[in-house]
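Q: My structure is stored as start_35.pdb, with PDB, C-alpha atoms, pLDDT in the B column.
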```
ATOM      1  CA  MET X 679     -27.924  -1.162 -31.880  1.00 31.00           C
ATOM      2  CA  ILE X 680     -26.227  -0.649 -28.525  1.00 31.00           C
ATOM      3  CA  ASN X 681     -23.239  -2.822 -27.686  1.00 32.00           C
ATOM      4  CA  GLN X 682     -23.114  -4.055 -24.135  1.00 37.00           C
ATOM      5  CA  PHE X 683     -19.468  -4.379 -23.051  1.00 43.00           C
ATOM      6  CA  ARG X 684     -18.938  -6.889 -20.294  1.00 51.00           C
ATOM      7  CA  SER X 685     -16.639  -5.861 -17.473  1.00 76.00           C
ATOM      8  CA  VAL X 686     -13.721  -8.218 -16.910  1.00 80.00           C
ATOM      9  CA  ILE X 687     -11.655  -8.605 -13.764  1.00 82.00           C
ATOM     10  CA  GLN X 688      -8.069  -9.555 -14.533  1.00 86.00           C
ATOM     11  CA  TRP X 689      -4.453  -8.733 -13.671  1.00 88.00           C
ATOM     12  CA  GLU X 690      -3.284  -6.875 -16.738  1.00 83.00           C
ATOM     13  CA  ASN X 691       0.418  -6.470 -17.556  1.00 83.00           C
ATOM     14  CA  PRO X 692       1.805  -7.642 -14.201  1.00 83.00           C
ATOM     15  CA  ASN X 693       5.197  -6.228 -13.321  1.00 83.00           C
ATOM     16  CA  GLU X 694       7.788  -8.939 -12.640  1.00 81.00           C
ATOM     17  CA  ASP X 695       8.549  -7.321  -9.263  1.00 85.00           C
ATOM     18  CA  GLN X 696       4.929  -7.509  -8.067  1.00 88.00           C
ATOM     19  CA  LEU X 697       3.893 -10.314  -5.714  1.00 89.00           C
ATOM     20  CA  PHE X 698       0.461  -9.065  -4.647  1.00 90.00           C
ATOM     21  CA  ILE X 699      -1.735  -6.326  -6.115  1.00 90.00           C
ATOM     22  CA  LYS X 700      -5.290  -5.273  -5.349  1.00 87.00           C
ATOM     23  CA  PHE X 701      -7.739  -5.035  -8.212  1.00 83.00           C
ATOM     24  CA  THR X 702      -8.764  -1.369  -8.317  1.00 72.00           C
ATOM     25  CA  ASP X 703     -12.296  -1.030  -9.585  1.00 62.00           C
ATOM     26  CA  LYS X 704     -13.100   2.127 -11.481  1.00 56.00           C
ATOM     27  CA  GLY X 705     -16.737   2.894 -10.920  1.00 50.00           C
ATOM     28  CA  ASP X 706     -18.812  -0.288 -10.869  1.00 52.00           C
ATOM     29  CA  GLU X 707     -16.383  -2.719 -12.493  1.00 56.00           C
ATOM     30  CA  ILE X 708     -16.577  -5.234  -9.659  1.00 62.00           C
ATOM     31  CA  LYS X 709     -20.353  -4.919  -9.303  1.00 60.00           C
ATOM     32  CA  ASN X 710     -21.003  -5.346 -13.022  1.00 62.00           C
ATOM     33  CA  ALA X 711     -18.223  -7.822 -13.783  1.00 66.00           C
ATOM     34  CA  SER X 712     -19.169 -10.921 -15.719  1.00 69.00           C
ATOM     35  CA  LYS X 713     -15.771 -12.560 -16.146  1.00 79.00           C
ATOM     36  CA  LEU X 714     -12.806 -13.330 -13.925  1.00 81.00           C
ATOM     37  CA  ILE X 715      -9.618 -14.203 -15.800  1.00 87.00           C
ATOM     38  CA  LEU X 716      -6.619 -15.810 -14.119  1.00 89.00           C
ATOM     39  CA  GLN X 717      -3.517 -16.276 -16.230  1.00 91.00           C
ATOM     40  CA  ALA X 718      -1.114 -19.175 -15.718  1.00 90.00           C
ATOM     41  CA  GLY X 719       0.977 -18.502 -12.620  1.00 91.00           C
ATOM     42  CA  GLN X 720      -1.666 -16.272 -11.021  1.00 92.00           C
ATOM     43  CA  GLY X 721      -4.088 -16.679  -8.139  1.00 92.00           C
ATOM     44  CA  CYS X 722      -6.432 -14.345  -6.330  1.00 88.00           C
ATOM     45  CA  ILE X 723      -7.907 -13.773  -2.894  1.00 88.00           C
ATOM     46  CA  LEU X 724     -11.417 -12.498  -2.227  1.00 82.00           C
ATOM     47  CA  THR X 725     -12.079 -10.411   0.875  1.00 81.00           C
ATOM     48  CA  TYR X 726     -15.296  -9.011   2.246  1.00 75.00           C
ATOM     49  CA  GLU X 727     -15.161  -6.315   4.940  1.00 74.00           C
ATOM     50  CA  GLY X 728     -11.512  -7.178   5.540  1.00 74.00           C
ATOM     51  CA  LYS X 729     -12.045 -10.924   6.005  1.00 80.00           C
ATOM     52  CA  ILE X 730     -10.727 -13.529   3.577  1.00 84.00           C
ATOM     53  CA  GLU X 731     -13.653 -15.346   2.000  1.00 79.00           C
ATOM     54  CA  GLY X 732     -11.849 -17.415  -0.620  1.00 80.00           C
ATOM     55  CA  VAL X 733      -8.526 -18.240  -2.280  1.00 85.00           C
ATOM     56  CA  PHE X 734      -8.639 -19.071  -5.969  1.00 83.00           C
ATOM     57  CA  ASP X 735      -5.566 -20.583  -7.609  1.00 84.00           C
ATOM     58  CA  GLU X 736      -6.644 -22.265 -10.848  1.00 86.00           C
ATOM     59  CA  ALA X 737      -5.853 -20.483 -14.110  1.00 88.00           C
ATOM     60  CA  GLY X 738      -8.755 -19.958 -16.474  1.00 86.00           C
ATOM     61  CA  THR X 739     -11.710 -17.779 -17.443  1.00 84.00           C
ATOM     62  CA  TYR X 740     -14.676 -17.918 -15.096  1.00 77.00           C
ATOM     63  CA  ASP X 741     -18.209 -16.731 -15.715  1.00 76.00           C
ATOM     64  CA  LEU X 742     -19.158 -14.876 -12.560  1.00 69.00           C
ATOM     65  CA  LYS X 743     -22.842 -15.217 -13.336  1.00 65.00           C
ATOM     66  CA  THR X 744     -23.093 -18.944 -14.007  1.00 57.00           C
ATOM     67  CA  ASP X 745     -20.043 -20.898 -12.802  1.00 59.00           C
ATOM     68  CA  ASN X 746     -21.009 -23.275 -10.018  1.00 56.00           C
ATOM     69  CA  LYS X 747     -17.888 -23.043  -7.864  1.00 61.00           C
ATOM     70  CA  PRO X 748     -17.675 -22.059  -4.194  1.00 60.00           C
ATOM     71  CA  PHE X 749     -15.423 -19.096  -4.973  1.00 63.00           C
ATOM     72  CA  ILE X 750     -17.696 -17.838  -7.762  1.00 66.00           C
ATOM     73  CA  THR X 751     -20.741 -18.344  -5.549  1.00 65.00           C
ATOM     74  CA  SER X 752     -19.093 -16.159  -2.920  1.00 65.00           C
ATOM     75  CA  ILE X 753     -18.331 -13.462  -5.482  1.00 67.00           C
ATOM     76  CA  LYS X 754     -21.919 -13.419  -6.713  1.00 65.00           C
ATOM     77  CA  LYS X 755     -23.209 -13.198  -3.144  1.00 67.00           C
ATOM     78  CA  PHE X 756     -20.937 -10.281  -2.290  1.00 63.00           C
ATOM     79  CA  LEU X 757     -21.614  -8.520  -5.587  1.00 61.00           C
ATOM     80  CA  LYS X 758     -25.252  -8.296  -4.543  1.00 62.00           C
ATOM     81  CA  LEU X 759     -24.229  -6.871  -1.166  1.00 58.00           C
ATOM     82  CA  GLN X 760     -22.162  -4.223  -2.942  1.00 53.00           C
ATOM     83  CA  ASP X 761     -25.282  -2.256  -3.898  1.00 54.00           C
ATOM     84  CA  GLY X 762     -25.285   1.009  -1.987  1.00 50.00           C
ATOM     85  CA  SER X 763     -21.985   0.238  -0.275  1.00 50.00           C
ATOM     86  CA  GLU X 764     -18.521   0.762  -1.725  1.00 51.00           C
ATOM     87  CA  HIS X 765     -15.126  -0.703  -0.889  1.00 46.00           C
ATOM     88  CA  VAL X 766     -16.473  -3.616   1.152  1.00 65.00           C
ATOM     89  CA  MET X 767     -15.278  -6.289  -1.275  1.00 71.00           C
ATOM     90  CA  GLY X 768     -11.700  -6.687  -2.432  1.00 79.00           C
ATOM     91  CA  ILE X 769      -9.903  -8.883  -4.927  1.00 83.00           C
ATOM     92  CA  TRP X 770      -6.133  -9.303  -4.621  1.00 89.00           C
ATOM     93  CA  PHE X 771      -4.157 -11.016  -7.366  1.00 92.00           C
ATOM     94  CA  TYR X 772      -0.940 -12.769  -6.429  1.00 93.00           C
ATOM     95  CA  ARG X 773       1.940 -14.378  -8.287  1.00 92.00           C
ATOM     96  CA  LYS X 774       2.024 -18.185  -8.056  1.00 89.00           C
ATOM     97  CA  ALA X 775       4.985 -18.700 -10.378  1.00 86.00           C
ATOM     98  CA  ASP X 776       8.518 -19.128  -9.093  1.00 85.00           C
ATOM     99  CA  ILE X 777      10.681 -16.006  -8.961  1.00 83.00           C
ATOM    100  CA  LEU X 778      14.133 -17.212  -9.924  1.00 81.00           C
ATOM    101  CA  ASN X 779      17.721 -16.132  -9.326  1.00 80.00           C
ATOM    102  CA  MET X 780      17.082 -13.146  -7.086  1.00 81.00           C
ATOM    103  CA  ARG X 781      20.243 -11.507  -5.753  1.00 83.00           C
ATOM    104  CA  TRP X 782      20.853 -10.780  -2.082  1.00 81.00           C
ATOM    105  CA  GLY X 783      23.658  -9.602   0.157  1.00 81.00           C
ATOM    106  CA  THR X 784      24.153  -8.640   3.786  1.00 80.00           C
ATOM    107  CA  ARG X 785      23.787  -4.916   4.464  1.00 79.00           C
ATOM    108  CA  VAL X 786      26.596  -4.806   7.028  1.00 80.00           C
ATOM    109  CA  PRO X 787      29.512  -7.206   7.650  1.00 84.00           C
ATOM    110  CA  ILE X 788      28.927 -10.159   9.971  1.00 82.00           C
ATOM    111  CA  SER X 789      31.337 -10.064  12.888  1.00 82.00           C
ATOM    112  CA  TYR X 790      32.668 -13.000  14.869  1.00 80.00           C
ATOM    113  CA  THR X 791      35.918 -13.985  16.573  1.00 85.00           C
ATOM    114  CA  ASP X 792      38.410 -16.243  14.813  1.00 86.00           C
ATOM    115  CA  PRO X 793      38.613 -19.393  16.984  1.00 85.00           C
ATOM    116  CA  VAL X 794      42.301 -19.982  16.206  1.00 87.00           C
ATOM    117  CA  TYR X 795      43.828 -16.524  16.121  1.00 87.00           C
ATOM    118  CA  THR X 796      41.270 -14.874  18.452  1.00 88.00           C
ATOM    119  CA  PHE X 797      40.919 -11.676  16.503  1.00 87.00           C
ATOM    120  CA  PRO X 798      37.623 -10.295  15.139  1.00 87.00           C
ATOM    121  CA  ILE X 799      36.640 -11.184  11.582  1.00 83.00           C
ATOM    122  CA  LEU X 800      34.220  -9.245   9.381  1.00 85.00           C
ATOM    123  CA  LEU X 801      32.474 -11.287   6.696  1.00 82.00           C
ATOM    124  CA  THR X 802      29.980 -10.388   4.015  1.00 82.00           C
ATOM    125  CA  ALA X 803      27.571 -12.900   2.538  1.00 81.00           C
ATOM    126  CA  PHE X 804      25.847 -12.765  -0.831  1.00 82.00           C
ATOM    127  CA  GLY X 805      24.273 -15.042  -3.386  1.00 82.00           C
ATOM    128  CA  ASN X 806      20.952 -15.709  -5.102  1.00 82.00           C
ATOM    129  CA  TYR X 807      17.700 -17.421  -4.233  1.00 80.00           C
ATOM    130  CA  SER X 808      14.340 -18.356  -5.675  1.00 82.00           C
ATOM    131  CA  ILE X 809      10.958 -17.968  -4.016  1.00 83.00           C
ATOM    132  CA  LYS X 810       7.367 -19.061  -4.508  1.00 86.00           C
ATOM    133  CA  ILE X 811       4.283 -18.177  -2.496  1.00 88.00           C
ATOM    134  CA  THR X 812       3.025 -21.507  -1.140  1.00 88.00           C
ATOM    135  CA  LYS X 813       0.656 -20.234   1.569  1.00 89.00           C
ATOM    136  CA  PRO X 814      -1.186 -17.300  -0.007  1.00 90.00           C
ATOM    137  CA  ARG X 815      -3.714 -16.912   2.814  1.00 89.00           C
ATOM    138  CA  TYR X 816      -1.005 -16.860   5.493  1.00 88.00           C
ATOM    139  CA  PHE X 817       1.205 -14.556   3.382  1.00 87.00           C
ATOM    140  CA  PHE X 818      -1.681 -12.164   2.835  1.00 87.00           C
ATOM    141  CA  GLU X 819      -2.634 -12.001   6.512  1.00 86.00           C
ATOM    142  CA  ASN X 820       0.865 -11.830   8.007  1.00 84.00           C
ATOM    143  CA  VAL X 821       2.979 -10.052   5.400  1.00 84.00           C
ATOM    144  CA  ILE X 822       0.705  -8.028   3.118  1.00 80.00           C
ATOM    145  CA  ALA X 823      -1.456  -6.761   6.010  1.00 72.00           C
ATOM    146  CA  GLY X 824      -3.892  -4.889   3.787  1.00 70.00           C
ATOM    147  CA  GLU X 825      -1.358  -3.184   1.510  1.00 78.00           C
ATOM    148  CA  GLU X 826      -2.762  -2.598  -1.978  1.00 84.00           C
ATOM    149  CA  MET X 827       0.505  -3.677  -3.607  1.00 87.00           C
ATOM    150  CA  PHE X 828       3.488  -5.650  -2.358  1.00 86.00           C
ATOM    151  CA  CYS X 829       6.654  -6.166  -4.393  1.00 87.00           C
ATOM    152  CA  HIS X 830       9.606  -8.513  -4.276  1.00 85.00           C
ATOM    153  CA  HIS X 831      12.064  -5.790  -3.297  1.00 85.00           C
ATOM    154  CA  GLU X 832       9.978  -5.177  -0.163  1.00 87.00           C
ATOM    155  CA  LEU X 833      10.015  -8.871   0.677  1.00 85.00           C
ATOM    156  CA  LYS X 834      13.790  -8.963   0.187  1.00 83.00           C
ATOM    157  CA  GLU X 835      14.165  -6.382   2.949  1.00 84.00           C
ATOM    158  CA  VAL X 836      12.149  -8.656   5.247  1.00 84.00           C
ATOM    159  CA  PHE X 837      14.410 -11.582   4.386  1.00 82.00           C
ATOM    160  CA  LEU X 838      17.602  -9.643   5.002  1.00 83.00           C
ATOM    161  CA  SER X 839      16.393  -8.399   8.365  1.00 83.00           C
ATOM    162  CA  ARG X 840      15.686 -11.974   9.493  1.00 84.00           C
ATOM    163  CA  ILE X 841      18.490 -14.112   8.063  1.00 84.00           C
ATOM    164  CA  THR X 842      21.498 -12.158   9.344  1.00 82.00           C
ATOM    165  CA  GLN X 843      21.217 -13.406  12.925  1.00 85.00           C
ATOM    166  CA  PRO X 844      20.907 -17.149  12.049  1.00 87.00           C
ATOM    167  CA  ILE X 845      23.935 -16.847   9.748  1.00 83.00           C
ATOM    168  CA  THR X 846      25.915 -15.027  12.437  1.00 81.00           C
ATOM    169  CA  ASP X 847      25.013 -17.645  15.049  1.00 84.00           C
ATOM    170  CA  TYR X 848      25.990 -20.467  12.704  1.00 84.00           C
ATOM    171  CA  LEU X 849      29.412 -18.978  11.885  1.00 79.00           C
ATOM    172  CA  ALA X 850      30.131 -18.321  15.556  1.00 76.00           C
ATOM    173  CA  ASN X 851      29.320 -21.923  16.505  1.00 83.00           C
ATOM    174  CA  ALA X 852      30.977 -23.494  13.454  1.00 81.00           C
ATOM    175  CA  LYS X 853      34.288 -21.926  14.507  1.00 82.00           C
ATOM    176  CA  PHE X 854      35.892 -21.694  11.082  1.00 85.00           C
ATOM    177  CA  SER X 855      39.201 -19.853  11.085  1.00 87.00           C
ATOM    178  CA  TYR X 856      39.442 -17.191   8.382  1.00 85.00           C
ATOM    179  CA  VAL X 857      42.046 -19.316   6.556  1.00 88.00           C
ATOM    180  CA  ASP X 858      39.497 -22.146   6.286  1.00 89.00           C
ATOM    181  CA  ILE X 859      36.593 -20.101   4.895  1.00 86.00           C
ATOM    182  CA  ASP X 860      37.365 -20.531   1.182  1.00 87.00           C
ATOM    183  CA  SER X 861      37.884 -24.284   1.422  1.00 91.00           C
ATOM    184  CA  ASN X 862      34.547 -24.706   3.228  1.00 90.00           C
ATOM    185  CA  LEU X 863      32.297 -22.471   1.136  1.00 88.00           C
ATOM    186  CA  ASN X 864      30.054 -25.324  -0.027  1.00 91.00           C
ATOM    187  CA  THR X 865      29.573 -26.546   3.533  1.00 91.00           C
ATOM    188  CA  ILE X 866      28.852 -23.031   4.767  1.00 88.00           C
ATOM    189  CA  ALA X 867      26.361 -22.458   1.944  1.00 87.00           C
ATOM    190  CA  GLN X 868      24.455 -25.672   2.696  1.00 90.00           C
ATOM    191  CA  GLU X 869      24.422 -25.080   6.441  1.00 90.00           C
ATOM    192  CA  THR X 870      23.304 -21.459   6.193  1.00 86.00           C
ATOM    193  CA  LYS X 871      20.557 -22.538   3.782  1.00 85.00           C
ATOM    194  CA  SER X 872      19.354 -25.032   6.381  1.00 90.00           C
ATOM    195  CA  LYS X 873      19.604 -22.504   9.227  1.00 87.00           C
ATOM    196  CA  THR X 874      17.552 -19.893   7.361  1.00 86.00           C
ATOM    197  CA  ALA X 875      14.938 -22.237   5.846  1.00 85.00           C
ATOM    198  CA  ASP X 876      12.448 -21.440   8.617  1.00 86.00           C
ATOM    199  CA  VAL X 877      12.577 -17.744   7.733  1.00 83.00           C
ATOM    200  CA  PHE X 878      11.222 -18.464   4.255  1.00 80.00           C
ATOM    201  CA  GLU X 879       8.805 -21.168   5.428  1.00 81.00           C
ATOM    202  CA  ASN X 880       7.314 -18.984   8.165  1.00 80.00           C
ATOM    203  CA  LEU X 881       6.553 -16.210   5.692  1.00 79.00           C
ATOM    204  CA  GLY X 882       4.520 -18.561   3.522  1.00 76.00           C
TER     205      GLY X 882
END
```
Would you mind writing the file out in structure tokens?
A:
Amino acid sequence: MINQFRSVIQWENPNEDQLFIKFTDKGDEIKNASKLILQAGQGCILTYEGKIEGVFDEAGTYDLKTDNKPFITSIKKFLKLQDGSEHVMGIWFYRKADILNMRWGTRVPISYTDPVYTFPILLTAFGNYSIKITKPRYFFENVIAGEEMFCHHELKEVFLSRITQPITDYLANAKFSYVDIDSNLNTIAQETKSKTADVFENLG
């Protein structure tokens, strides 16, 4: 008796730093796949010839040969088109779950002029944040840009490059003297969070 092993597409042993990763098919795994497995906190994006054809974000096990869902229908259609042509279809898994308590800090001191004593002040900012991908299609098209893997530490560099200027502008306009910084930390934290919210929102 010959055992027929069914090929399964799934994100095995995801690293906690990984946000997006492309499923790498070895041989004909995508063509011959019969199951798609999404764990809790995972989603996936289907592309065909570089174009997004579907975003799938419900955890579960899906029968690629029988499930009557638009995403599965698309997979079955593109599996047929795979014959004789390689690397035209892609499946990217992404992390849906929150990533909590990530540390950050400014790379260089923020400089502004003390409004009372009129001498330059150098400040550093640091703290923690949590993120969650809420717009996977937008994130994939505008941040991932075809990379086969994208990790949190790479995204952190994007954040740091974009939040320094809003924080600097806020401090310059708020006109806190250096002697008032410590007593206004909560206010500064809330205001800088508000000023940088668009950075996170615009990345998806």
Q: Looking at X:Ser861, X:Ser872, X:Ser789, X:Asn880, which one is nearest to Ile811 in chain X, with distances taken over only C-alpha atoms?
A: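 Closest to Ile811 in chain X, using only C-alpha atoms: X:Asn880.
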Q: May I have the residues within 10 Å of Ile866 in chain X as a VMD selection string, using only C-alpha atoms and disregarding those fewer than 6 positions away in the same chain?
A: chain X and resid 845 848 to 849 852 854 859 to 860 872
Q: Looking at X:Ile809, X:Met827, X:Leu863, X:Val857, which one is nearest to Phe878 in chain X, with distances taken over all atoms listed in the file?
A: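 Checking each of X:Ile809, X:Met827, X:Leu863, X:Val857 against Phe878 in chain X, counting all atoms listed in the file, the winner is X:Ile809.
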Q: Of the residues X:Glu690, X:Asn862, X:Gln717, X:Ala867, which is the one nearest to Phe804 in chain X, using all atoms listed in the file?
A: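 The shortest atom-to-atom distance to Phe804 in chain X comes from X:Ala867.
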Q: So what does the PyMOL selection byres ((chain X and resi 806) around 7) actually pick up in this one, as a list in words?
A: Asn779, Met780, Arg781, Trp782, Gly805 and Tyr807 of chain X
Q: Compile the contact shell of Pro787 in chain X as a PyMOL selection string: residues with an atom at most 8 Å away, counting only C-alpha atoms, same-chain residues fewer than 3 positions apart removed.
A: chain X and resi 784+800-803
Q: Generate a file of the selected residues that holds C-alpha atoms, formatted as a CSV table (one decimal), in the coordinates of the input.
A:
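Result went into again_5.csv, see below:
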```csv
chain,number,residue,atom,x,y,z
X,784,THR,CA,24.2,-8.6,3.8
X,800,LEU,CA,34.2,-9.2,9.4
X,801,LEU,CA,32.5,-11.3,6.7
X,802,THR,CA,30.0,-10.4,4.0
X,803,ALA,CA,27.6,-12.9,2.5
```
Q: Could you give me, as a list in words, the residues within 10 Å of Ile730 in chain X, counting only C-alpha atoms and dropping anything in the same chain fewer than 3 positions from it?
A: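 Near neighbours after the sequence-gap exclusion: Ile723, Leu724, Thr725, Tyr726, Glu727, Val733, Met767, Gly768, Ile769, Arg815, Phe818 and Glu819 of chain X.
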